[in-house]
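Content type mmCIF, N, CA and C atoms, from the file upload.cif:
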```cif
data_data
loop_
_atom_site.label_atom_id
_atom_site.label_comp_id
_atom_site.auth_asym_id
_atom_site.auth_seq_id
_atom_site.Cartn_x
_atom_site.Cartn_y
_atom_site.Cartn_z
N GLN A 1 18.43 -19.25 -22.54
CA GLN A 1 18.38 -17.83 -22.22
C GLN A 1 17.04 -17.49 -21.58
N VAL A 2 17.10 -16.67 -20.56
CA VAL A 2 15.90 -16.19 -19.88
C VAL A 2 15.98 -14.67 -19.78
N GLN A 3 14.87 -14.02 -20.06
CA GLN A 3 14.80 -12.57 -19.89
C GLN A 3 13.82 -12.26 -18.76
N LEU A 4 14.22 -11.34 -17.92
CA LEU A 4 13.39 -10.92 -16.78
C LEU A 4 13.18 -9.41 -16.86
N VAL A 5 11.93 -8.98 -16.78
CA VAL A 5 11.63 -7.56 -16.86
C VAL A 5 10.74 -7.17 -15.69
N GLU A 6 11.24 -6.26 -14.85
CA GLU A 6 10.49 -5.82 -13.68
C GLU A 6 9.68 -4.56 -13.99
N SER A 7 8.63 -4.37 -13.21
CA SER A 7 7.83 -3.15 -13.28
C SER A 7 7.13 -2.95 -11.95
N GLY A 8 6.54 -1.77 -11.78
CA GLY A 8 5.74 -1.52 -10.59
C GLY A 8 6.38 -0.64 -9.54
N GLY A 9 7.64 -0.28 -9.74
CA GLY A 9 8.29 0.59 -8.77
C GLY A 9 7.74 2.01 -8.86
N GLY A 10 8.18 2.84 -7.92
CA GLY A 10 7.73 4.23 -7.92
C GLY A 10 7.99 4.89 -6.59
N LEU A 11 7.37 6.05 -6.42
CA LEU A 11 7.51 6.84 -5.20
C LEU A 11 6.25 6.67 -4.37
N VAL A 12 6.42 6.36 -3.10
CA VAL A 12 5.28 6.15 -2.21
C VAL A 12 5.62 6.69 -0.83
N GLN A 13 4.61 7.13 -0.11
CA GLN A 13 4.84 7.60 1.25
C GLN A 13 4.99 6.42 2.21
N ALA A 14 5.66 6.68 3.30
CA ALA A 14 5.81 5.66 4.33
C ALA A 14 4.43 5.17 4.77
N GLY A 15 4.32 3.85 4.93
CA GLY A 15 3.05 3.25 5.28
C GLY A 15 2.24 2.79 4.08
N GLY A 16 2.66 3.21 2.90
CA GLY A 16 1.96 2.85 1.69
C GLY A 16 2.34 1.48 1.16
N SER A 17 1.78 1.16 -0.02
CA SER A 17 1.98 -0.15 -0.63
C SER A 17 2.37 -0.02 -2.10
N LEU A 18 3.08 -1.00 -2.58
CA LEU A 18 3.40 -1.15 -4.00
C LEU A 18 3.40 -2.64 -4.32
N ARG A 19 3.10 -2.95 -5.59
CA ARG A 19 3.25 -4.32 -6.04
C ARG A 19 4.19 -4.36 -7.23
N LEU A 20 5.26 -5.10 -7.08
CA LEU A 20 6.22 -5.27 -8.16
C LEU A 20 5.89 -6.52 -8.95
N SER A 21 6.18 -6.46 -10.25
CA SER A 21 6.00 -7.62 -11.12
C SER A 21 7.30 -7.90 -11.86
N CYS A 22 7.52 -9.15 -12.17
CA CYS A 22 8.68 -9.57 -12.96
C CYS A 22 8.20 -10.61 -13.96
N VAL A 23 8.22 -10.24 -15.23
CA VAL A 23 7.78 -11.14 -16.28
C VAL A 23 8.97 -11.87 -16.86
N ALA A 24 8.87 -13.18 -16.93
CA ALA A 24 9.95 -14.01 -17.47
C ALA A 24 9.59 -14.46 -18.88
N SER A 25 10.59 -14.49 -19.74
CA SER A 25 10.40 -15.00 -21.10
C SER A 25 11.65 -15.76 -21.50
N GLY A 26 11.53 -16.50 -22.59
CA GLY A 26 12.66 -17.31 -23.05
C GLY A 26 12.50 -18.73 -22.57
N ASN A 27 13.56 -19.31 -22.06
CA ASN A 27 13.59 -20.71 -21.64
C ASN A 27 12.96 -20.85 -20.26
N ILE A 28 11.70 -20.49 -20.15
CA ILE A 28 11.04 -20.42 -18.85
C ILE A 28 10.72 -21.78 -18.27
N PHE A 29 10.72 -22.80 -19.10
CA PHE A 29 10.38 -24.12 -18.60
C PHE A 29 11.44 -24.68 -17.67
N SER A 30 12.62 -24.09 -17.71
CA SER A 30 13.71 -24.55 -16.85
C SER A 30 13.82 -23.75 -15.56
N ILE A 31 12.92 -22.78 -15.38
CA ILE A 31 12.98 -21.93 -14.19
C ILE A 31 12.42 -22.67 -13.00
N ASN A 32 13.14 -22.67 -11.91
CA ASN A 32 12.65 -23.24 -10.66
C ASN A 32 12.41 -22.12 -9.66
N ALA A 33 13.33 -21.95 -8.72
CA ALA A 33 13.16 -20.90 -7.73
C ALA A 33 13.41 -19.53 -8.35
N MET A 34 12.70 -18.54 -7.82
CA MET A 34 12.91 -17.15 -8.23
C MET A 34 12.95 -16.29 -6.97
N GLY A 35 13.60 -15.16 -7.11
CA GLY A 35 13.73 -14.32 -5.92
C GLY A 35 13.73 -12.84 -6.26
N TRP A 36 13.42 -12.05 -5.26
CA TRP A 36 13.53 -10.60 -5.33
C TRP A 36 14.72 -10.17 -4.46
N TYR A 37 15.53 -9.29 -5.03
CA TYR A 37 16.67 -8.73 -4.32
C TYR A 37 16.55 -7.21 -4.38
N ARG A 38 17.27 -6.55 -3.49
CA ARG A 38 17.30 -5.09 -3.54
C ARG A 38 18.71 -4.59 -3.23
N GLN A 39 18.98 -3.41 -3.77
CA GLN A 39 20.32 -2.84 -3.58
C GLN A 39 20.23 -1.33 -3.45
N VAL A 40 20.95 -0.83 -2.47
CA VAL A 40 21.12 0.60 -2.26
C VAL A 40 22.54 0.95 -2.70
N PRO A 41 22.74 2.07 -3.38
CA PRO A 41 24.10 2.43 -3.81
C PRO A 41 25.09 2.39 -2.65
N GLY A 42 26.21 1.71 -2.88
CA GLY A 42 27.22 1.60 -1.86
C GLY A 42 27.08 0.37 -0.98
N ASN A 43 25.95 -0.31 -1.11
CA ASN A 43 25.72 -1.53 -0.32
C ASN A 43 25.66 -2.75 -1.22
N GLU A 44 25.82 -3.91 -0.61
CA GLU A 44 25.68 -5.14 -1.37
C GLU A 44 24.21 -5.43 -1.63
N ARG A 45 23.97 -6.16 -2.70
CA ARG A 45 22.61 -6.59 -3.02
C ARG A 45 22.18 -7.61 -1.96
N GLU A 46 20.94 -7.48 -1.49
CA GLU A 46 20.45 -8.38 -0.46
C GLU A 46 19.18 -9.09 -0.91
N LEU A 47 19.03 -10.31 -0.44
CA LEU A 47 17.84 -11.09 -0.73
C LEU A 47 16.67 -10.52 0.07
N VAL A 48 15.56 -10.30 -0.62
CA VAL A 48 14.33 -9.84 0.04
C VAL A 48 13.40 -11.01 0.27
N ALA A 49 13.15 -11.78 -0.78
CA ALA A 49 12.23 -12.91 -0.68
C ALA A 49 12.52 -13.88 -1.81
N ARG A 50 12.15 -15.12 -1.57
CA ARG A 50 12.43 -16.18 -2.53
C ARG A 50 11.25 -17.13 -2.54
N ILE A 51 10.96 -17.71 -3.71
CA ILE A 51 9.88 -18.68 -3.82
C ILE A 51 10.32 -19.81 -4.75
N THR A 52 10.05 -21.04 -4.33
CA THR A 52 10.41 -22.19 -5.16
C THR A 52 9.30 -22.47 -6.17
N SER A 53 9.56 -23.38 -7.08
CA SER A 53 8.54 -23.74 -8.06
C SER A 53 7.33 -24.35 -7.38
N GLY A 54 7.52 -24.92 -6.21
CA GLY A 54 6.41 -25.51 -5.46
C GLY A 54 5.70 -24.55 -4.54
N GLY A 55 6.17 -23.29 -4.52
CA GLY A 55 5.48 -22.28 -3.73
C GLY A 55 6.01 -22.07 -2.32
N ILE A 56 7.12 -22.68 -1.98
CA ILE A 56 7.71 -22.48 -0.65
C ILE A 56 8.42 -21.13 -0.64
N THR A 57 8.12 -20.33 0.36
CA THR A 57 8.64 -18.96 0.42
C THR A 57 9.57 -18.75 1.61
N THR A 58 10.53 -17.87 1.41
CA THR A 58 11.40 -17.41 2.49
C THR A 58 11.54 -15.90 2.37
N TYR A 59 11.73 -15.25 3.52
CA TYR A 59 11.82 -13.79 3.56
C TYR A 59 12.99 -13.36 4.44
N SER A 60 13.53 -12.19 4.12
CA SER A 60 14.50 -11.61 5.04
C SER A 60 13.75 -11.12 6.27
N ASP A 61 14.44 -11.06 7.38
CA ASP A 61 13.79 -10.63 8.62
C ASP A 61 13.25 -9.21 8.51
N SER A 62 13.91 -8.38 7.72
CA SER A 62 13.52 -6.98 7.62
C SER A 62 12.19 -6.76 6.93
N VAL A 63 11.72 -7.75 6.15
CA VAL A 63 10.46 -7.57 5.42
C VAL A 63 9.39 -8.55 5.84
N LYS A 64 9.74 -9.50 6.69
CA LYS A 64 8.79 -10.53 7.09
C LYS A 64 7.56 -9.90 7.73
N GLY A 65 6.39 -10.34 7.27
CA GLY A 65 5.15 -9.79 7.79
C GLY A 65 4.63 -8.58 7.03
N ARG A 66 5.47 -7.99 6.19
CA ARG A 66 5.07 -6.82 5.42
C ARG A 66 5.04 -7.11 3.91
N PHE A 67 5.94 -7.94 3.44
CA PHE A 67 6.03 -8.26 2.01
C PHE A 67 5.53 -9.68 1.77
N THR A 68 4.97 -9.89 0.58
CA THR A 68 4.53 -11.22 0.16
C THR A 68 4.99 -11.49 -1.26
N ILE A 69 5.71 -12.58 -1.42
CA ILE A 69 6.15 -13.00 -2.75
C ILE A 69 5.19 -14.05 -3.28
N SER A 70 4.90 -14.00 -4.56
CA SER A 70 4.03 -15.00 -5.18
C SER A 70 4.41 -15.12 -6.65
N ARG A 71 3.90 -16.14 -7.28
CA ARG A 71 4.16 -16.34 -8.70
C ARG A 71 2.93 -16.90 -9.36
N ASP A 72 2.73 -16.50 -10.61
CA ASP A 72 1.65 -17.02 -11.44
C ASP A 72 2.32 -17.69 -12.63
N ASN A 73 2.43 -19.00 -12.58
CA ASN A 73 3.13 -19.72 -13.63
C ASN A 73 2.38 -19.66 -14.97
N THR A 74 1.08 -19.42 -14.94
CA THR A 74 0.33 -19.32 -16.19
C THR A 74 0.66 -18.02 -16.92
N LYS A 75 1.12 -17.03 -16.17
CA LYS A 75 1.49 -15.74 -16.76
C LYS A 75 3.01 -15.52 -16.76
N ASN A 76 3.73 -16.53 -16.29
CA ASN A 76 5.20 -16.42 -16.22
C ASN A 76 5.63 -15.18 -15.46
N THR A 77 4.93 -14.90 -14.38
CA THR A 77 5.15 -13.64 -13.65
C THR A 77 5.39 -13.90 -12.18
N LEU A 78 6.37 -13.18 -11.66
CA LEU A 78 6.70 -13.17 -10.24
C LEU A 78 6.23 -11.85 -9.66
N TYR A 79 5.68 -11.87 -8.45
CA TYR A 79 5.18 -10.66 -7.82
C TYR A 79 5.84 -10.44 -6.46
N LEU A 80 5.82 -9.18 -6.05
CA LEU A 80 6.20 -8.84 -4.68
C LEU A 80 5.24 -7.77 -4.20
N GLN A 81 4.34 -8.17 -3.31
CA GLN A 81 3.42 -7.22 -2.69
C GLN A 81 4.10 -6.63 -1.47
N MET A 82 4.26 -5.31 -1.46
CA MET A 82 4.97 -4.63 -0.39
C MET A 82 4.00 -3.72 0.35
N ASN A 83 3.76 -4.00 1.60
CA ASN A 83 2.86 -3.20 2.44
C ASN A 83 3.64 -2.56 3.58
N SER A 84 3.04 -1.57 4.20
CA SER A 84 3.67 -0.88 5.34
C SER A 84 5.11 -0.48 5.02
N LEU A 85 5.27 0.13 3.87
CA LEU A 85 6.62 0.48 3.42
C LEU A 85 7.27 1.51 4.33
N LYS A 86 8.58 1.37 4.46
CA LYS A 86 9.38 2.25 5.31
C LYS A 86 10.45 2.93 4.44
N PRO A 87 10.94 4.09 4.87
CA PRO A 87 12.01 4.75 4.10
C PRO A 87 13.22 3.83 3.87
N GLU A 88 13.51 2.96 4.80
CA GLU A 88 14.65 2.06 4.62
C GLU A 88 14.41 0.97 3.59
N ASP A 89 13.20 0.88 3.05
CA ASP A 89 12.93 -0.04 1.95
C ASP A 89 13.33 0.55 0.61
N THR A 90 13.71 1.81 0.59
CA THR A 90 14.13 2.47 -0.64
C THR A 90 15.34 1.76 -1.24
N ALA A 91 15.21 1.35 -2.50
CA ALA A 91 16.28 0.60 -3.18
C ALA A 91 15.84 0.31 -4.60
N VAL A 92 16.77 -0.25 -5.37
CA VAL A 92 16.44 -0.82 -6.67
C VAL A 92 16.14 -2.30 -6.43
N TYR A 93 14.96 -2.72 -6.86
CA TYR A 93 14.52 -4.10 -6.66
C TYR A 93 14.66 -4.86 -7.98
N SER A 94 15.29 -6.02 -7.89
CA SER A 94 15.53 -6.84 -9.08
C SER A 94 15.08 -8.26 -8.83
N CYS A 95 14.62 -8.91 -9.88
CA CYS A 95 14.29 -10.33 -9.76
C CYS A 95 15.43 -11.16 -10.34
N ARG A 96 15.51 -12.37 -9.85
CA ARG A 96 16.64 -13.24 -10.18
C ARG A 96 16.17 -14.68 -10.27
N THR A 97 16.78 -15.43 -11.19
CA THR A 97 16.57 -16.85 -11.24
C THR A 97 17.83 -17.52 -11.74
N ILE A 98 17.92 -18.81 -11.53
CA ILE A 98 19.08 -19.59 -12.00
C ILE A 98 18.56 -20.72 -12.86
N VAL A 99 19.13 -20.85 -14.06
CA VAL A 99 18.81 -21.95 -14.94
C VAL A 99 20.12 -22.68 -15.22
N GLY A 100 20.18 -23.93 -14.78
CA GLY A 100 21.44 -24.64 -14.87
C GLY A 100 22.48 -23.96 -13.99
N LEU A 101 23.54 -23.50 -14.59
CA LEU A 101 24.59 -22.81 -13.85
C LEU A 101 24.59 -21.31 -14.12
N VAL A 102 23.60 -20.84 -14.84
CA VAL A 102 23.56 -19.43 -15.25
C VAL A 102 22.58 -18.66 -14.39
N VAL A 103 23.05 -17.54 -13.86
CA VAL A 103 22.21 -16.64 -13.06
C VAL A 103 21.68 -15.54 -13.97
N TYR A 104 20.39 -15.32 -13.91
CA TYR A 104 19.75 -14.28 -14.70
C TYR A 104 19.17 -13.22 -13.78
N TRP A 105 19.37 -11.97 -14.17
CA TRP A 105 18.85 -10.82 -13.44
C TRP A 105 18.03 -9.94 -14.35
N GLY A 106 17.00 -9.31 -13.79
CA GLY A 106 16.34 -8.24 -14.49
C GLY A 106 17.12 -6.95 -14.29
N ARG A 107 16.69 -5.89 -14.96
CA ARG A 107 17.41 -4.62 -14.85
C ARG A 107 17.04 -3.86 -13.60
N GLY A 108 15.93 -4.22 -12.99
CA GLY A 108 15.54 -3.61 -11.73
C GLY A 108 14.52 -2.49 -11.89
N THR A 109 13.84 -2.21 -10.78
CA THR A 109 12.87 -1.11 -10.73
C THR A 109 13.08 -0.36 -9.42
N GLN A 110 13.07 0.96 -9.51
CA GLN A 110 13.37 1.79 -8.35
C GLN A 110 12.14 1.93 -7.46
N VAL A 111 12.34 1.70 -6.18
CA VAL A 111 11.31 1.95 -5.17
C VAL A 111 11.84 3.01 -4.22
N THR A 112 11.09 4.08 -4.08
CA THR A 112 11.48 5.17 -3.18
C THR A 112 10.35 5.42 -2.19
N VAL A 113 10.67 5.35 -0.92
CA VAL A 113 9.68 5.56 0.14
C VAL A 113 10.04 6.83 0.89
N SER A 114 9.13 7.79 0.85
CA SER A 114 9.38 9.07 1.51
C SER A 114 8.82 9.03 2.94
N SER A 115 9.49 9.78 3.80
CA SER A 115 9.05 9.79 5.22
C SER A 115 8.05 10.90 5.47
#
```

Would you write the structure of this file as structure tokens?
Amino acid sequence: QVQLVESGGGLVQAGGSLRLSCVASGNIFSINAMGWYRQVPGNERELVARITSGGITTYSDSVKGRFTISRDNTKNTLYLQMNSLKPEDTAVYSCRTIVGLVVYWGRGTQVTVSS
């Protein structure tokens, strides 16, 4: 079992920044890749960024150059630094990992970007 808890969301003006955190607990030794996803009501959840246990990162085209994913394995924490935020970045952001065949999700944190 793995528990994921996100924090750091909020309301920010366009052009501003936020840093999201996702703390993992439980069977964390089996965690490899982790990712940030976002979802707007009525739309499918989409991958924002992903990082492997070795630190290899991938980003969606919509956030490349503006967002940075990182992880601190000593703190069991995943981060998402979001800069130059746009109103279209407004969504619920959730972290995700897979252990064995089980997918784990956090409950998410709301990010709202005003124009």

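Checking A:Lys86, A:Arg107, A:Arg96, A:Arg19 one by one against Ser62 (chain A), counting only C-alpha atoms, you find the shortest gap at A:Lys86.
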
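Candidate residues A:Glu44, A:Val23, A:Ser115, A:Ile31 were compared for distance to Asn76 (chain A), and the nearest is A:Val23, using only N, CA and C atoms.
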
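With only C-alpha atoms as the atoms that count, the residue of A:Asn83, A:Thr112, A:Gln39, A:Ile69 with the shortest distance to Thr52 (chain A) is A:Ile69.
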
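All polymer residues at most 12 Å from (24.2, 0.6, -2.2), using only C-alpha atoms, appear as Arg38, Gln39, Val40, Pro41, Gly42, Asn43, Glu44, Arg45, Glu46, Glu88, Thr90, Ala91, Val92 and Tyr93 of chain A.
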
File dump, residues just selected, N, CA and C atoms, as a PDB file, in the coordinates of the input:
```pdb
ATOM      1  N   ARG A  38      17.270  -6.550  -3.490  1.00  0.00           N
ATOM      2  CA  ARG A  38      17.300  -5.090  -3.540  1.00  0.00           C
ATOM      3  C   ARG A  38      18.710  -4.590  -3.230  1.00  0.00           C
ATOM      4  N   GLN A  39      18.980  -3.410  -3.770  1.00  0.00           N
ATOM      5  CA  GLN A  39      20.320  -2.840  -3.580  1.00  0.00           C
ATOM      6  C   GLN A  39      20.230  -1.330  -3.450  1.00  0.00           C
ATOM      7  N   VAL A  40      20.950  -0.830  -2.470  1.00  0.00           N
ATOM      8  CA  VAL A  40      21.120   0.600  -2.260  1.00  0.00           C
ATOM      9  C   VAL A  40      22.540   0.950  -2.700  1.00  0.00           C
ATOM     10  N   PRO A  41      22.740   2.070  -3.380  1.00  0.00           N
ATOM     11  CA  PRO A  41      24.100   2.430  -3.810  1.00  0.00           C
ATOM     12  C   PRO A  41      25.090   2.390  -2.650  1.00  0.00           C
ATOM     13  N   GLY A  42      26.210   1.710  -2.880  1.00  0.00           N
ATOM     14  CA  GLY A  42      27.220   1.600  -1.860  1.00  0.00           C
ATOM     15  C   GLY A  42      27.080   0.370  -0.980  1.00  0.00           C
ATOM     16  N   ASN A  43      25.950  -0.310  -1.110  1.00  0.00           N
ATOM     17  CA  ASN A  43      25.720  -1.530  -0.320  1.00  0.00           C
ATOM     18  C   ASN A  43      25.660  -2.750  -1.220  1.00  0.00           C
ATOM     19  N   GLU A  44      25.820  -3.910  -0.610  1.00  0.00           N
ATOM     20  CA  GLU A  44      25.680  -5.140  -1.370  1.00  0.00           C
ATOM     21  C   GLU A  44      24.210  -5.430  -1.630  1.00  0.00           C
ATOM     22  N   ARG A  45      23.970  -6.160  -2.700  1.00  0.00           N
ATOM     23  CA  ARG A  45      22.610  -6.590  -3.020  1.00  0.00           C
ATOM     24  C   ARG A  45      22.180  -7.610  -1.960  1.00  0.00           C
ATOM     25  N   GLU A  46      20.940  -7.480  -1.490  1.00  0.00           N
ATOM     26  CA  GLU A  46      20.450  -8.380  -0.460  1.00  0.00           C
ATOM     27  C   GLU A  46      19.180  -9.090  -0.910  1.00  0.00           C
ATOM     28  N   GLU A  88      13.510   2.960   4.800  1.00  0.00           N
ATOM     29  CA  GLU A  88      14.650   2.060   4.620  1.00  0.00           C
ATOM     30  C   GLU A  88      14.410   0.970   3.590  1.00  0.00           C
ATOM     31  N   THR A  90      13.710   1.810   0.590  1.00  0.00           N
ATOM     32  CA  THR A  90      14.130   2.470  -0.640  1.00  0.00           C
ATOM     33  C   THR A  90      15.340   1.760  -1.240  1.00  0.00           C
ATOM     34  N   ALA A  91      15.210   1.350  -2.500  1.00  0.00           N
ATOM     35  CA  ALA A  91      16.280   0.600  -3.180  1.00  0.00           C
ATOM     36  C   ALA A  91      15.840   0.310  -4.600  1.00  0.00           C
ATOM     37  N   VAL A  92      16.770  -0.250  -5.370  1.00  0.00           N
ATOM     38  CA  VAL A  92      16.440  -0.820  -6.670  1.00  0.00           C
ATOM     39  C   VAL A  92      16.140  -2.300  -6.430  1.00  0.00           C
ATOM     40  N   TYR A  93      14.960  -2.720  -6.860  1.00  0.00           N
ATOM     41  CA  TYR A  93      14.520  -4.100  -6.660  1.00  0.00           C
ATOM     42  C   TYR A  93      14.660  -4.860  -7.980  1.00  0.00           C
TER      43      TYR A  93
END
```

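Taking atom C of Gly100 (chain A) and atom N of Val63 (chain A) as endpoints, the distance between them is 28.0 Å.
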
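Nearest-residue note for Leu11 (chain A): choosing from A:Val111, A:Val102, A:Leu80, A:Ile56, the minimum distance belongs to A:Val111, counting only N, CA and C atoms.
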
Backbone DSSP call of strand (DSSP E) for region 7-45 of chain A, listed as a ChimeraX atom specification: /A:7,10-13,18-26,34-39

statement: In terms of all atoms listed in the file, the residue from A:Cys95, A:Tyr59, A:Pro87, A:Met34 at minimal distance from Ser21 (chain A) is A:Cys95

Start from the incomplete input, build N, CA, C and O atoms for region 5-20 of chain A, and deliver everything as a PDB file, keeping the file's coordinate frame.
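The result, stored in part.pdb:
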```
ATOM      1  N   VAL A   5      11.930  -8.980 -16.780  1.00  0.00           N
ATOM      2  CA  VAL A   5      11.630  -7.560 -16.860  1.00  0.00           C
ATOM      3  C   VAL A   5      10.740  -7.170 -15.690  1.00  0.00           C
ATOM      4  O   VAL A   5       9.615  -7.684 -15.550  1.00  0.00           O
ATOM      5  N   GLU A   6      11.240  -6.260 -14.850  1.00  0.00           N
ATOM      6  CA  GLU A   6      10.490  -5.820 -13.680  1.00  0.00           C
ATOM      7  C   GLU A   6       9.680  -4.560 -13.990  1.00  0.00           C
ATOM      8  O   GLU A   6      10.026  -3.783 -14.882  1.00  0.00           O
ATOM      9  N   SER A   7       8.630  -4.370 -13.210  1.00  0.00           N
ATOM     10  CA  SER A   7       7.830  -3.150 -13.280  1.00  0.00           C
ATOM     11  C   SER A   7       7.130  -2.950 -11.950  1.00  0.00           C
ATOM     12  O   SER A   7       7.114  -3.864 -11.103  1.00  0.00           O
ATOM     13  N   GLY A   8       6.540  -1.770 -11.780  1.00  0.00           N
ATOM     14  CA  GLY A   8       5.740  -1.520 -10.590  1.00  0.00           C
ATOM     15  C   GLY A   8       6.380  -0.640  -9.540  1.00  0.00           C
ATOM     16  O   GLY A   8       5.746  -0.291  -8.540  1.00  0.00           O
ATOM     17  N   GLY A   9       7.640  -0.280  -9.740  1.00  0.00           N
ATOM     18  CA  GLY A   9       8.290   0.590  -8.770  1.00  0.00           C
ATOM     19  C   GLY A   9       7.740   2.010  -8.860  1.00  0.00           C
ATOM     20  O   GLY A   9       6.956   2.337  -9.729  1.00  0.00           O
ATOM     21  N   GLY A  10       8.180   2.840  -7.920  1.00  0.00           N
ATOM     22  CA  GLY A  10       7.730   4.230  -7.920  1.00  0.00           C
ATOM     23  C   GLY A  10       7.990   4.890  -6.590  1.00  0.00           C
ATOM     24  O   GLY A  10       8.748   4.380  -5.760  1.00  0.00           O
ATOM     25  N   LEU A  11       7.370   6.050  -6.420  1.00  0.00           N
ATOM     26  CA  LEU A  11       7.510   6.840  -5.200  1.00  0.00           C
ATOM     27  C   LEU A  11       6.250   6.670  -4.370  1.00  0.00           C
ATOM     28  O   LEU A  11       5.134   6.834  -4.889  1.00  0.00           O
ATOM     29  N   VAL A  12       6.420   6.360  -3.100  1.00  0.00           N
ATOM     30  CA  VAL A  12       5.280   6.150  -2.210  1.00  0.00           C
ATOM     31  C   VAL A  12       5.620   6.690  -0.830  1.00  0.00           C
ATOM     32  O   VAL A  12       6.793   6.718  -0.447  1.00  0.00           O
ATOM     33  N   GLN A  13       4.610   7.130  -0.110  1.00  0.00           N
ATOM     34  CA  GLN A  13       4.840   7.600   1.250  1.00  0.00           C
ATOM     35  C   GLN A  13       4.990   6.420   2.210  1.00  0.00           C
ATOM     36  O   GLN A  13       4.468   5.328   1.958  1.00  0.00           O
ATOM     37  N   ALA A  14       5.660   6.680   3.300  1.00  0.00           N
ATOM     38  CA  ALA A  14       5.810   5.660   4.330  1.00  0.00           C
ATOM     39  C   ALA A  14       4.430   5.170   4.770  1.00  0.00           C
ATOM     40  O   ALA A  14       3.498   5.963   4.928  1.00  0.00           O
ATOM     41  N   GLY A  15       4.320   3.850   4.930  1.00  0.00           N
ATOM     42  CA  GLY A  15       3.050   3.250   5.280  1.00  0.00           C
ATOM     43  C   GLY A  15       2.240   2.790   4.080  1.00  0.00           C
ATOM     44  O   GLY A  15       1.245   2.079   4.240  1.00  0.00           O
ATOM     45  N   GLY A  16       2.660   3.210   2.900  1.00  0.00           N
ATOM     46  CA  GLY A  16       1.960   2.850   1.690  1.00  0.00           C
ATOM     47  C   GLY A  16       2.340   1.480   1.160  1.00  0.00           C
ATOM     48  O   GLY A  16       3.097   0.736   1.785  1.00  0.00           O
ATOM     49  N   SER A  17       1.780   1.160  -0.020  1.00  0.00           N
ATOM     50  CA  SER A  17       1.980  -0.150  -0.630  1.00  0.00           C
ATOM     51  C   SER A  17       2.370  -0.020  -2.100  1.00  0.00           C
ATOM     52  O   SER A  17       2.003   0.965  -2.764  1.00  0.00           O
ATOM     53  N   LEU A  18       3.080  -1.000  -2.580  1.00  0.00           N
ATOM     54  CA  LEU A  18       3.400  -1.150  -4.000  1.00  0.00           C
ATOM     55  C   LEU A  18       3.400  -2.640  -4.320  1.00  0.00           C
ATOM     56  O   LEU A  18       3.670  -3.479  -3.450  1.00  0.00           O
ATOM     57  N   ARG A  19       3.100  -2.950  -5.590  1.00  0.00           N
ATOM     58  CA  ARG A  19       3.250  -4.320  -6.040  1.00  0.00           C
ATOM     59  C   ARG A  19       4.190  -4.360  -7.230  1.00  0.00           C
ATOM     60  O   ARG A  19       3.922  -3.714  -8.255  1.00  0.00           O
ATOM     61  N   LEU A  20       5.260  -5.100  -7.080  1.00  0.00           N
ATOM     62  CA  LEU A  20       6.220  -5.270  -8.160  1.00  0.00           C
ATOM     63  C   LEU A  20       5.890  -6.520  -8.950  1.00  0.00           C
ATOM     64  O   LEU A  20       5.395  -7.507  -8.395  1.00  0.00           O
TER      65      LEU A  20
END
```
